[in-house]
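S.K.: Here it is, the structure, as C-alpha cells.
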Amino acid sequence: MQPQQPNQQQLQVKADDSTLRGAYANNMQVAHTKEEFIIDFMNLFPPVATLNARVIVSPGHMKRMLAVLTENVKHYEEAFGQIEAATSPDSEMGFKTA
C-alpha cells in the first residue's frame with residue numbers, strides 16, 4: 001500500500017457480503033470500442049457458461065490496470081517463484097480476447 005499523499009482524503013469502500021465473497025472465473029473475454037474496454041469474467045462448466053461479472057473501463061484505466069497487474073505478478077514471482085502459464089485448451093474455452 002502506498003503512503004497517503006498530503007491533502008488526499010481516505011476512501012471508505014462499502015461492499016455487501018456477496019461481493020466480498022468474490023466469484024470464480026475460468027474464462028475471460030475482452031472486447032473494446034474506441035471509448036471503452038469490456039471485460040467479461042465467466043465460469044465455464046460445459047454445457048453451461050455463467051457470466052459472473054462484466055467490468056467496463058476507459059482505455060486509460062485499462063492501461064493502468066495492465067501496469068498494476070504486471071507489477072503484482074512481478075512481486076508475486078519474486079516472493080513465490082515463477083508462475084507457469086496455463087496451457088490453452090484446444091476448444092474455444094479459456095481466457096481469450098474477442
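Scheme for the C-alpha cells: letters A, B, ... for chains in order shown; per-chain residue numbers from 1; ligand numbers from 1 in order shown.
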Just want the 8 Å neighbourhood of stretch 52-60 of chain A, counted on only C-alpha atoms, with same-chain residues fewer than 4 positions away dropped. Output as a ChimeraX atom specification.
M.R.: /A:23-25,34-43,64
S.K.: Enumerate as a list in words all residues of chain A assigned to strand (DSSP E) by DSSP on the backbone, naming them with the chain letters and numbers the document uses.
M.R.: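 Everything in chain A that counts as strand (DSSP E) is Asn27, Met28, Gln29, Val30, Ala31, His32, Phe37, Ile38, Ile39, Asp40, Phe41, Met42, Asn43, Leu44, Phe45, Val48, Ala49, Thr50, Leu51, Asn52, Ala53, Arg54, Val55, Ile56, Val57, Lys96 and Thr97 of chain A.
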S.K.: Could you pull out the residues in chain A that DSSP calls alpha helix (DSSP H) from the backbone, as a list in words?
M.R.: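 So the alpha helix (DSSP H) residues in chain A would be Asp17, Ser18, Thr19, Leu20, Arg21, Pro59, Gly60, His61, Met62, Lys63, Arg64, Met65, Leu66, Ala67, Val68, Leu69, Thr70, Glu71, Asn72, Val73, Lys74, His75, Tyr76, Glu77, Glu78, Ala79 and Phe80 of chain A.
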S.K.: Take the residues from that selection and write them out as a PDB file, in the first residue's frame, keeping C-alpha atoms.
M.R.:
ATOM      1  CA  ASP A  17     -21.267  -9.888   1.622  1.00  0.00           C
ATOM      2  CA  SER A  18     -21.877 -11.464  -1.800  1.00  0.00           C
ATOM      3  CA  THR A  19     -19.440  -9.041  -3.440  1.00  0.00           C
ATOM      4  CA  LEU A  20     -16.806  -9.710  -0.764  1.00  0.00           C
ATOM      5  CA  ARG A  21     -17.092 -13.475  -1.356  1.00  0.00           C
ATOM      6  CA  PRO A  59      -8.745   2.860 -22.380  1.00  0.00           C
ATOM      7  CA  GLY A  60      -6.669   4.971 -19.973  1.00  0.00           C
ATOM      8  CA  HIS A  61      -7.820   2.946 -16.978  1.00  0.00           C
ATOM      9  CA  MET A  62      -7.223  -0.305 -18.869  1.00  0.00           C
ATOM     10  CA  LYS A  63      -3.613   0.743 -19.462  1.00  0.00           C
ATOM     11  CA  ARG A  64      -3.200   1.496 -15.731  1.00  0.00           C
ATOM     12  CA  MET A  65      -4.792  -1.858 -14.824  1.00  0.00           C
ATOM     13  CA  LEU A  66      -2.351  -3.701 -17.097  1.00  0.00           C
ATOM     14  CA  ALA A  67       0.565  -1.905 -15.457  1.00  0.00           C
ATOM     15  CA  VAL A  68      -0.568  -2.725 -11.908  1.00  0.00           C
ATOM     16  CA  LEU A  69      -1.322  -6.365 -12.807  1.00  0.00           C
ATOM     17  CA  THR A  70       2.135  -6.727 -14.382  1.00  0.00           C
ATOM     18  CA  GLU A  71       3.754  -5.206 -11.294  1.00  0.00           C
ATOM     19  CA  ASN A  72       1.803  -7.503  -8.964  1.00  0.00           C
ATOM     20  CA  VAL A  73       2.752 -10.625 -10.936  1.00  0.00           C
ATOM     21  CA  LYS A  74       6.384  -9.493 -10.718  1.00  0.00           C
ATOM     22  CA  HIS A  75       6.141  -9.124  -6.912  1.00  0.00           C
ATOM     23  CA  TYR A  76       4.372 -12.483  -6.618  1.00  0.00           C
ATOM     24  CA  GLU A  77       7.089 -14.253  -8.613  1.00  0.00           C
ATOM     25  CA  GLU A  78       9.819 -12.581  -6.557  1.00  0.00           C
ATOM     26  CA  ALA A  79       8.183 -13.931  -3.398  1.00  0.00           C
ATOM     27  CA  PHE A  80       6.935 -17.345  -4.554  1.00  0.00           C
TER      28      PHE A  80
END
S.K.: Quote the spacing between atom CA of A:Ala31 and atom CA of A:Ile83 in Å to one decimal place.
M.R.: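 Those two atoms sit 25.9 Å apart.
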S.K.: Nearest to A:Asn27: which of A:Asn7, A:Thr87, A:Thr50, A:Gln82 is it, counting only C-alpha atoms?
M.R.: A:Thr50
